[in-house]
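Note: the block below is my_file_36.cif and it holds mmCIF, C-alpha atoms.
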data_protein
#
loop_
_atom_site.label_atom_id
_atom_site.label_comp_id
_atom_site.auth_asym_id
_atom_site.auth_seq_id
_atom_site.Cartn_x
_atom_site.Cartn_y
_atom_site.Cartn_z
CA MET Z 1182 34.07 -63.32 25.59
CA ALA Z 1183 31.98 -60.51 27.09
CA ASN Z 1184 32.27 -56.90 26.09
CA LEU Z 1185 30.76 -53.67 27.37
CA ASP Z 1186 28.00 -53.59 24.74
CA GLU Z 1187 26.85 -57.04 25.82
CA LEU Z 1188 26.60 -55.87 29.45
CA LYS Z 1189 24.67 -52.76 28.46
CA LYS Z 1190 21.96 -54.95 26.90
CA TYR Z 1191 21.24 -56.08 30.46
CA ASN Z 1192 21.08 -52.45 31.69
CA PHE Z 1193 24.25 -52.92 33.73
CA SER Z 1194 26.05 -49.90 35.15
CA PHE Z 1195 29.32 -49.96 37.10
CA SER Z 1196 29.04 -49.70 40.88
CA LYS Z 1197 31.57 -47.72 42.91
CA LYS Z 1198 30.17 -49.40 46.02
CA PHE Z 1199 31.39 -52.79 44.77
CA GLY Z 1200 34.70 -51.47 43.42
CA GLN Z 1201 34.02 -52.77 39.91
CA ASN Z 1202 36.91 -52.54 37.44
CA PHE Z 1203 36.57 -55.24 34.76
CA ILE Z 1204 39.18 -56.72 32.43
CA PHE Z 1205 38.18 -57.50 28.83
CA ASP Z 1206 41.63 -58.22 27.39
CA THR Z 1207 41.73 -61.94 26.55
CA ASN Z 1208 45.54 -62.11 26.41
CA LEU Z 1209 45.84 -60.69 29.93
CA LEU Z 1210 43.18 -63.08 31.26
CA GLU Z 1211 44.96 -66.03 29.63
CA SER Z 1212 48.26 -64.93 31.20
CA ILE Z 1213 46.66 -64.70 34.67
CA THR Z 1214 45.24 -68.21 34.30
CA LYS Z 1215 48.57 -69.56 33.06
CA ALA Z 1216 50.48 -67.87 35.90
CA ALA Z 1217 48.06 -69.47 38.37
CA GLY Z 1218 49.01 -72.89 36.97
CA ILE Z 1219 45.40 -73.82 36.25
CA ASP Z 1220 44.80 -77.04 34.31
CA ASN Z 1221 42.08 -79.71 34.14
CA THR Z 1222 43.10 -81.16 37.50
CA CYS Z 1223 42.43 -77.86 39.31
CA ASN Z 1224 39.36 -76.62 41.14
CA VAL Z 1225 39.08 -72.84 41.26
CA LEU Z 1226 37.36 -70.33 43.52
CA GLU Z 1227 36.85 -66.96 41.85
CA ILE Z 1228 35.89 -63.93 43.93
CA GLY Z 1229 34.03 -61.25 41.98
CA THR Z 1230 32.63 -62.78 38.79
CA GLY Z 1231 32.05 -59.35 37.27
CA ALA Z 1232 31.55 -59.60 33.51
CA GLY Z 1233 32.56 -63.28 33.64
CA THR Z 1234 35.59 -62.71 31.41
CA LEU Z 1235 38.11 -64.36 33.75
CA THR Z 1236 35.50 -67.00 34.64
CA THR Z 1237 35.23 -67.97 30.97
CA VAL Z 1238 39.00 -68.46 30.59
CA LEU Z 1239 39.24 -70.35 33.89
CA ALA Z 1240 36.36 -72.64 32.88
CA SER Z 1241 38.15 -73.53 29.64
CA LYS Z 1242 41.18 -74.77 31.63
CA ALA Z 1243 39.96 -75.95 35.04
CA ASN Z 1244 38.05 -78.97 36.28
CA LYS Z 1245 35.55 -76.80 38.19
CA VAL Z 1246 35.04 -73.07 38.81
CA VAL Z 1247 32.91 -71.73 41.67
CA SER Z 1248 32.53 -67.96 41.37
CA TYR Z 1249 31.04 -65.61 43.95
CA GLU Z 1250 29.43 -62.31 42.92
CA ILE Z 1251 27.92 -59.77 45.31
CA ASP Z 1252 26.20 -57.61 42.67
CA THR Z 1253 22.78 -59.16 41.96
CA SER Z 1254 22.23 -56.71 39.05
CA LEU Z 1255 24.58 -59.03 37.12
CA GLN Z 1256 22.47 -62.10 37.86
CA SER Z 1257 20.44 -62.32 34.62
CA TYR Z 1258 23.49 -61.64 32.48
CA LEU Z 1259 25.74 -64.17 34.25
CA LEU Z 1260 23.12 -66.93 34.47
CA ASP Z 1261 22.41 -66.58 30.75
CA LYS Z 1262 26.12 -66.58 29.98
CA PHE Z 1263 27.08 -69.65 32.05
CA ASN Z 1264 23.88 -71.65 31.98
CA SER Z 1265 25.25 -74.04 29.35
CA ILE Z 1266 28.77 -74.37 30.85
CA PRO Z 1267 28.59 -77.39 33.19
CA ASN Z 1268 31.81 -76.83 35.17
CA VAL Z 1269 30.87 -73.30 36.33
CA GLU Z 1270 28.76 -72.45 39.39
CA ILE Z 1271 27.90 -68.79 40.05
CA ILE Z 1272 26.83 -67.93 43.59
CA PHE Z 1273 25.32 -64.53 44.37
CA GLU Z 1274 26.53 -63.92 47.90
CA ASP Z 1275 28.98 -61.72 49.81
CA ILE Z 1276 32.03 -63.98 50.08
CA LEU Z 1277 33.08 -62.29 53.34
CA LYS Z 1278 29.87 -63.53 54.96
CA VAL Z 1279 30.25 -67.12 53.75
CA PRO Z 1280 31.82 -69.49 56.32
CA THR Z 1281 35.21 -70.65 55.05
CA SER Z 1282 34.31 -74.19 56.15
CA SER Z 1283 31.42 -74.29 53.66
CA ILE Z 1284 33.81 -73.24 50.87
CA ASP Z 1285 36.28 -75.93 51.95
CA ASP Z 1286 33.40 -78.43 51.75
CA LYS Z 1287 32.93 -77.58 48.06
CA PHE Z 1288 36.58 -78.39 47.40
CA GLN Z 1289 37.44 -81.52 49.36
CA ASN Z 1290 40.57 -82.15 47.27
CA GLY Z 1291 41.89 -78.60 47.53
CA TYR Z 1292 41.41 -75.48 45.46
CA HIS Z 1293 43.05 -72.38 44.03
CA ILE Z 1294 41.76 -68.82 44.33
CA VAL Z 1295 42.11 -66.82 41.11
CA ALA Z 1296 40.54 -63.36 41.20
CA ASN Z 1297 40.56 -59.78 40.08
CA LEU Z 1298 39.74 -58.62 43.60
CA PRO Z 1299 37.79 -55.44 44.28
CA TYR Z 1300 40.38 -53.28 46.05
CA TYR Z 1301 38.22 -52.60 49.09
CA ILE Z 1302 38.10 -56.28 50.13
CA THR Z 1303 41.68 -57.30 49.32
CA THR Z 1304 43.04 -57.39 52.88
CA PRO Z 1305 39.97 -59.01 54.52
CA ILE Z 1306 39.89 -61.67 51.77
CA ILE Z 1307 43.56 -62.58 52.20
CA PHE Z 1308 43.28 -62.76 55.99
CA LYS Z 1309 40.05 -64.79 55.81
CA PHE Z 1310 41.46 -67.49 53.57
CA ILE Z 1311 45.04 -67.80 54.83
CA GLU Z 1312 43.88 -67.94 58.44
CA GLU Z 1313 40.75 -70.08 58.09
CA SER Z 1314 40.88 -72.30 55.01
CA LYS Z 1315 42.04 -75.90 55.35
CA ASN Z 1316 42.01 -76.81 51.64
CA LEU Z 1317 43.42 -73.72 49.92
CA LYS Z 1318 46.56 -74.31 47.84
CA THR Z 1319 47.28 -70.98 46.14
CA LEU Z 1320 45.90 -67.47 45.70
CA THR Z 1321 46.64 -65.69 42.42
CA ILE Z 1322 45.04 -62.30 42.80
CA MET Z 1323 45.01 -58.89 41.17
CA VAL Z 1324 45.69 -56.22 43.79
CA GLN Z 1325 46.74 -52.58 43.95
CA GLN Z 1326 50.44 -52.09 43.23
CA GLU Z 1327 51.10 -50.64 46.69
CA VAL Z 1328 49.36 -53.61 48.35
CA ALA Z 1329 51.51 -55.99 46.29
CA GLU Z 1330 54.64 -54.22 47.54
CA ARG Z 1331 53.38 -54.59 51.12
CA LEU Z 1332 52.75 -58.31 50.69
CA ILE Z 1333 56.34 -59.02 49.63
CA ALA Z 1334 58.01 -56.61 52.10
CA LYS Z 1335 60.83 -57.80 54.35
CA GLU Z 1336 60.92 -57.33 58.13
CA GLY Z 1337 62.42 -54.04 59.22
CA THR Z 1338 60.98 -52.08 56.28
CA ALA Z 1339 58.15 -49.53 56.32
CA ASN Z 1340 55.88 -51.74 54.15
CA TYR Z 1341 56.15 -54.75 56.49
CA GLY Z 1342 52.90 -55.25 58.39
CA ALA Z 1343 50.59 -57.79 59.99
CA ILE Z 1344 49.42 -59.16 56.64
CA THR Z 1345 53.02 -59.61 55.43
CA ALA Z 1346 54.04 -61.51 58.56
CA SER Z 1347 50.85 -63.62 58.51
CA ILE Z 1348 51.46 -64.73 54.92
CA ALA Z 1349 55.12 -65.47 55.63
CA THR Z 1350 54.18 -67.89 58.44
CA ILE Z 1351 52.07 -70.10 56.15
CA GLY Z 1352 53.54 -69.77 52.68
CA GLU Z 1353 55.47 -67.85 50.06
CA VAL Z 1354 54.45 -64.76 48.09
CA LYS Z 1355 55.69 -63.23 44.86
CA ILE Z 1356 54.68 -60.57 42.35
CA ILE Z 1357 54.08 -62.23 38.98
CA LYS Z 1358 53.25 -59.26 36.80
CA LYS Z 1359 52.55 -55.53 37.00
CA ILE Z 1360 49.38 -54.32 35.29
CA SER Z 1361 48.66 -50.82 33.98
CA ARG Z 1362 45.47 -49.13 35.18
CA ASN Z 1363 44.54 -48.72 31.49
CA MET Z 1364 43.86 -52.47 31.23
CA PHE Z 1365 40.69 -52.02 33.32
CA THR Z 1366 37.22 -50.69 32.52
CA PRO Z 1367 36.64 -48.21 34.04
CA ALA Z 1368 40.32 -47.38 34.69
CA PRO Z 1369 41.10 -47.05 38.43
CA ASN Z 1370 43.39 -44.31 39.78
CA VAL Z 1371 46.26 -46.72 40.48
CA ASP Z 1372 48.22 -49.47 38.78
CA SER Z 1373 47.85 -53.09 39.84
CA ALA Z 1374 49.89 -56.26 40.13
CA ILE Z 1375 49.21 -59.99 40.01
CA VAL Z 1376 50.40 -61.58 43.25
CA GLN Z 1377 50.66 -65.28 43.97
CA ILE Z 1378 50.58 -66.73 47.47
CA THR Z 1379 51.50 -70.41 47.68
CA ILE Z 1380 50.42 -72.19 50.87
CA THR Z 1381 53.13 -74.38 52.37
CA PRO Z 1382 51.52 -76.84 54.82
CA ASN Z 1383 53.52 -77.13 58.06
CA LYS Z 1384 56.03 -74.50 56.95
CA TYR Z 1385 56.60 -73.79 60.65
CA ASN Z 1386 55.76 -75.74 63.77
CA ILE Z 1387 52.77 -73.62 64.82
CA LYS Z 1388 51.31 -74.90 68.09
CA ASN Z 1389 48.27 -72.64 68.21
CA MET Z 1390 47.15 -70.74 65.09
CA SER Z 1391 44.77 -68.55 67.09
CA ILE Z 1392 47.58 -67.39 69.43
CA LEU Z 1393 49.88 -66.77 66.44
CA LYS Z 1394 47.17 -64.63 64.84
CA GLN Z 1395 46.75 -62.69 68.11
CA THR Z 1396 50.51 -62.26 68.49
CA ILE Z 1397 51.00 -60.82 64.99
CA LYS Z 1398 48.00 -58.49 65.22
CA SER Z 1399 49.10 -57.31 68.65
CA ALA Z 1400 52.65 -56.60 67.44
CA PHE Z 1401 51.36 -54.18 64.79
CA GLN Z 1402 48.41 -52.77 66.73
CA MET Z 1403 50.24 -49.65 67.89
CA ARG Z 1404 53.32 -49.29 65.70
CA ARG Z 1405 54.79 -46.55 67.90
CA LYS Z 1406 54.74 -48.83 70.93
CA THR Z 1407 57.36 -51.48 71.60
CA LEU Z 1408 56.52 -55.12 71.00
CA ALA Z 1409 56.68 -55.70 74.77
CA ASN Z 1410 54.06 -53.05 75.52
CA ASN Z 1411 51.70 -54.31 72.84
CA LEU Z 1412 52.01 -57.91 74.05
CA LYS Z 1413 51.43 -56.89 77.67
CA SER Z 1414 48.10 -55.28 76.88
CA THR Z 1415 46.96 -58.14 74.60
CA PHE Z 1416 47.96 -61.08 76.76
CA GLY Z 1417 47.69 -59.51 80.23
CA LEU Z 1418 51.24 -60.47 81.21
CA ASP Z 1419 53.53 -58.39 83.42
CA THR Z 1420 56.69 -56.67 82.20
CA ASN Z 1421 59.06 -59.21 83.75
CA THR Z 1422 57.33 -62.17 82.11
CA ILE Z 1423 57.32 -60.49 78.70
CA ASN Z 1424 60.98 -59.48 79.00
CA GLU Z 1425 61.95 -63.03 80.02
CA ILE Z 1426 60.18 -64.45 76.96
CA LEU Z 1427 61.86 -61.93 74.65
CA GLN Z 1428 65.25 -62.59 76.23
CA GLN Z 1429 64.76 -66.32 75.72
CA LEU Z 1430 64.28 -65.63 72.00
CA HIS Z 1431 67.18 -63.13 71.81
CA ILE Z 1432 64.78 -60.30 71.02
CA SER Z 1433 65.51 -56.85 72.47
CA PRO Z 1434 62.94 -55.62 75.04
CA ASN Z 1435 62.84 -52.38 73.02
CA ALA Z 1436 62.15 -54.15 69.68
CA ARG Z 1437 59.12 -53.19 67.63
CA GLY Z 1438 56.85 -55.69 65.89
CA GLU Z 1439 57.99 -54.79 62.38
CA THR Z 1440 61.51 -56.06 63.12
CA LEU Z 1441 60.45 -59.67 63.76
CA SER Z 1442 60.73 -62.39 61.11
CA ALA Z 1443 58.04 -65.02 60.52
CA GLN Z 1444 60.12 -67.58 62.43
CA GLN Z 1445 60.41 -65.22 65.42
CA PHE Z 1446 56.65 -64.63 65.45
CA VAL Z 1447 56.02 -68.37 65.45
CA ASP Z 1448 58.55 -68.95 68.27
CA LEU Z 1449 57.05 -66.11 70.30
CA ALA Z 1450 53.47 -67.37 69.79
CA ASN Z 1451 54.49 -70.92 70.72
CA ILE Z 1452 55.80 -69.69 74.08
CA LEU Z 1453 52.79 -67.44 74.68
CA ALA Z 1454 50.50 -70.40 73.97
CA GLN Z 1455 51.96 -72.11 77.05
CA LYS Z 1456 51.30 -69.16 79.38
#
Rewrite the coordinates I just gave you, this time as structure tokens.
Amino acid sequence: MANLDELKKYNFSFSKKFGQNFIFDTNLLESITKAAGIDNTCNVLEIGTGAGTLTTVLASKANKVVSYEIDTSLQSYLLDKFNSIPNVEIIFEDILKVPTSSIDDKFQNGYHIVANLPYYITTPIIFKFIEESKNLKTLTIMVQQEVAERLIAKEGTANYGAITASIATIGEVKIIKKISRNMFTPAPNVDSAIVQITITPNKYNIKNMSILKQTIKSAFQMRRKTLANNLKSTFGLDTNTINEILQQLHISPNARGETLSAQQFVDLANILAQK
């Protein structure tokens, strides 16, 4: 298992730009892997290889681990470390720029994301994979505590947002464990939590995923505006048409986006897809 002294031999220094906060505690890494349900039948995508500490534990349990790392200053260290481990592939690319279809191609039989995510890419990563991936089964990710609370929020609460509703339309989410900031090197300014999102294929009868995505984003675009006003500007429909649709679904014309459940968003998007 890596430690800080080992990294220093490769002249590594932590980058604020890449939001690097590494975990060296083996017990914590083992508990993350166990919580993710990883065994020798599982293929894993890791985002942010970092010091390779989580990668090492995942490799000891999984069938295959593909790990993406954006920081090329770690290249010599990571290639030396994993060169002799046959079920690990390290790719030095920005995961946000990699087409999701090419990742799906690496995992024809499905895969699990397990990652200590850099905080600055948490939301884009979740949206990218839940909206675009065809083969993803679960995400078990380390996120900021406040983000974790947002992901599990219920409709009608202040924490409920576009990401919450989007996840709820395709799966289930739960907080597995809360993690003190002191478990990281260097320690961030906030505590974290391990969150697991389990994809449920065909959870709802979604007729057009692109329209559903548009509907949810529109609903939360201007939180002070009513749902009707946001939808009008996004879909170019007149007030009467929008009000008729909302009435059909027993939704008040004065409702705001944060009051709608996942089921209501799907029903609304399914009607809008026919307009």
With the file shown as input, list the residues that the PyMOL selection byres ((chain Z and resi 1451) around 12) selects, as a ChimeraX atom specification.
/Z:1385-1396,1426,1430,1444-1450,1452-1456
Give as a ChimeraX atom specification each residue that has an atom at most 12 Å from (30.5, -65.6, 50.2) in the file, counting all atoms listed in the file.
/Z:1226-1230,1247-1252,1271-1285,1306,1309-1310
Spatial neighbours of Z:Leu1320, max dist 8 Å, only C-alpha atoms, sep filter under 2 positions, as a list in words
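After dropping sequence-adjacent residues, the list is Ala1217, His1293, Ile1294, Val1295, Leu1317, Lys1318, Ile1322, Val1376, Gln1377, Ile1378 and Thr1379 of chain Z.
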What would the selection look like, as a compact mmCIF listing (two decimals) with C-alpha atoms, keeping the file's coordinate frame, if the PyMOL selection byres ((chain Z and resi 1209) around 12) were run on the coordinates I just shared?
# COMPACT_ATOMS: atom_id res chain seq x y z
CA PHE Z 1203 36.57 -55.24 34.76
CA ILE Z 1204 39.18 -56.72 32.43
CA PHE Z 1205 38.18 -57.50 28.83
CA ASP Z 1206 41.63 -58.22 27.39
CA THR Z 1207 41.73 -61.94 26.55
CA ASN Z 1208 45.54 -62.11 26.41
CA LEU Z 1210 43.18 -63.08 31.26
CA GLU Z 1211 44.96 -66.03 29.63
CA SER Z 1212 48.26 -64.93 31.20
CA ILE Z 1213 46.66 -64.70 34.67
CA THR Z 1214 45.24 -68.21 34.30
CA LYS Z 1215 48.57 -69.56 33.06
CA ALA Z 1216 50.48 -67.87 35.90
CA THR Z 1234 35.59 -62.71 31.41
CA LEU Z 1235 38.11 -64.36 33.75
CA VAL Z 1238 39.00 -68.46 30.59
CA ASN Z 1297 40.56 -59.78 40.08
CA MET Z 1323 45.01 -58.89 41.17
CA LYS Z 1358 53.25 -59.26 36.80
CA LYS Z 1359 52.55 -55.53 37.00
CA ILE Z 1360 49.38 -54.32 35.29
CA SER Z 1361 48.66 -50.82 33.98
CA MET Z 1364 43.86 -52.47 31.23
CA PHE Z 1365 40.69 -52.02 33.32
CA ALA Z 1374 49.89 -56.26 40.13
CA ILE Z 1375 49.21 -59.99 40.01
So, counting only C-alpha atoms, which residue among Z:Asn1316, Z:Asn1244, Z:Gln1289, Z:Thr1440 is closest to Z:Thr1345?
Z:Thr1440
Picked residues, the PyMOL selection byres ((chain Z and resi 1261) around 12), as an NGL selection string:
:Z and (1183 or 1187-1188 or 1191 or 1232-1233 or 1255-1260 or 1262-1266 or 1271)
Where atoms are absent from stretch 1349-1373 of chain Z, fill them in so it carries N, CA and C atoms, then output it as a tab-separated table (two decimals), in the frame of the given file.
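Full text of selection-v7.tsv as output:
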chain	number	residue	atom	x	y	z
Z	1349	ALA	N	53.80	-64.84	55.54
Z	1349	ALA	CA	55.12	-65.47	55.63
Z	1349	ALA	C	55.14	-66.68	56.57
Z	1350	THR	N	54.20	-66.74	57.52
Z	1350	THR	CA	54.18	-67.89	58.44
Z	1350	THR	C	53.54	-69.13	57.83
Z	1351	ILE	N	52.78	-68.94	56.72
Z	1351	ILE	CA	52.07	-70.10	56.15
Z	1351	ILE	C	52.41	-70.39	54.69
Z	1352	GLY	N	53.23	-69.53	54.09
Z	1352	GLY	CA	53.54	-69.77	52.68
Z	1352	GLY	C	54.54	-68.80	52.11
Z	1353	GLU	N	54.56	-68.73	50.79
Z	1353	GLU	CA	55.47	-67.85	50.06
Z	1353	GLU	C	54.65	-66.93	49.17
Z	1354	VAL	N	55.17	-65.73	48.94
Z	1354	VAL	CA	54.45	-64.76	48.09
Z	1354	VAL	C	55.40	-64.14	47.07
Z	1355	LYS	N	54.88	-63.89	45.88
Z	1355	LYS	CA	55.69	-63.23	44.86
Z	1355	LYS	C	54.79	-62.41	43.94
Z	1356	ILE	N	55.38	-61.36	43.37
Z	1356	ILE	CA	54.68	-60.57	42.35
Z	1356	ILE	C	54.98	-61.21	41.00
Z	1357	ILE	N	53.92	-61.56	40.27
Z	1357	ILE	CA	54.08	-62.23	38.98
Z	1357	ILE	C	54.16	-61.23	37.84
Z	1358	LYS	N	53.34	-60.19	37.92
Z	1358	LYS	CA	53.25	-59.26	36.80
Z	1358	LYS	C	52.64	-57.94	37.26
Z	1359	LYS	N	53.14	-56.84	36.71
Z	1359	LYS	CA	52.55	-55.53	37.00
Z	1359	LYS	C	51.58	-55.17	35.87
Z	1360	ILE	N	50.46	-54.58	36.24
Z	1360	ILE	CA	49.38	-54.32	35.29
Z	1360	ILE	C	49.03	-52.82	35.29
Z	1361	SER	N	49.02	-52.22	34.11
Z	1361	SER	CA	48.66	-50.82	33.98
Z	1361	SER	C	47.18	-50.61	34.28
Z	1362	ARG	N	46.88	-49.47	34.89
Z	1362	ARG	CA	45.47	-49.13	35.18
Z	1362	ARG	C	44.62	-49.07	33.90
Z	1363	ASN	N	45.27	-48.85	32.76
Z	1363	ASN	CA	44.54	-48.72	31.49
Z	1363	ASN	C	43.99	-50.05	30.97
Z	1364	MET	N	44.37	-51.16	31.63
Z	1364	MET	CA	43.86	-52.47	31.23
Z	1364	MET	C	42.46	-52.73	31.80
Z	1365	PHE	N	41.98	-51.82	32.66
Z	1365	PHE	CA	40.69	-52.02	33.32
Z	1365	PHE	C	39.62	-51.08	32.76
Z	1366	THR	N	38.37	-51.52	32.87
Z	1366	THR	CA	37.22	-50.69	32.52
Z	1366	THR	C	36.26	-50.66	33.72
Z	1367	PRO	N	35.95	-49.48	34.28
Z	1367	PRO	CA	36.64	-48.21	34.04
Z	1367	PRO	C	38.05	-48.26	34.65
Z	1368	ALA	N	38.93	-47.39	34.19
Z	1368	ALA	CA	40.32	-47.38	34.69
Z	1368	ALA	C	40.34	-46.84	36.12
Z	1369	PRO	N	40.96	-47.58	37.07
Z	1369	PRO	CA	41.10	-47.05	38.43
Z	1369	PRO	C	42.17	-45.96	38.47
Z	1370	ASN	N	42.40	-45.39	39.65
Z	1370	ASN	CA	43.39	-44.31	39.78
Z	1370	ASN	C	44.80	-44.82	40.04
Z	1371	VAL	N	44.95	-46.14	40.15
Z	1371	VAL	CA	46.26	-46.72	40.48
Z	1371	VAL	C	46.56	-47.91	39.58
Z	1372	ASP	N	47.84	-48.26	39.49
Z	1372	ASP	CA	48.22	-49.47	38.78
Z	1372	ASP	C	48.05	-50.68	39.69
Z	1373	SER	N	48.07	-51.85	39.09
Z	1373	SER	CA	47.85	-53.09	39.84
Z	1373	SER	C	49.01	-54.07	39.63
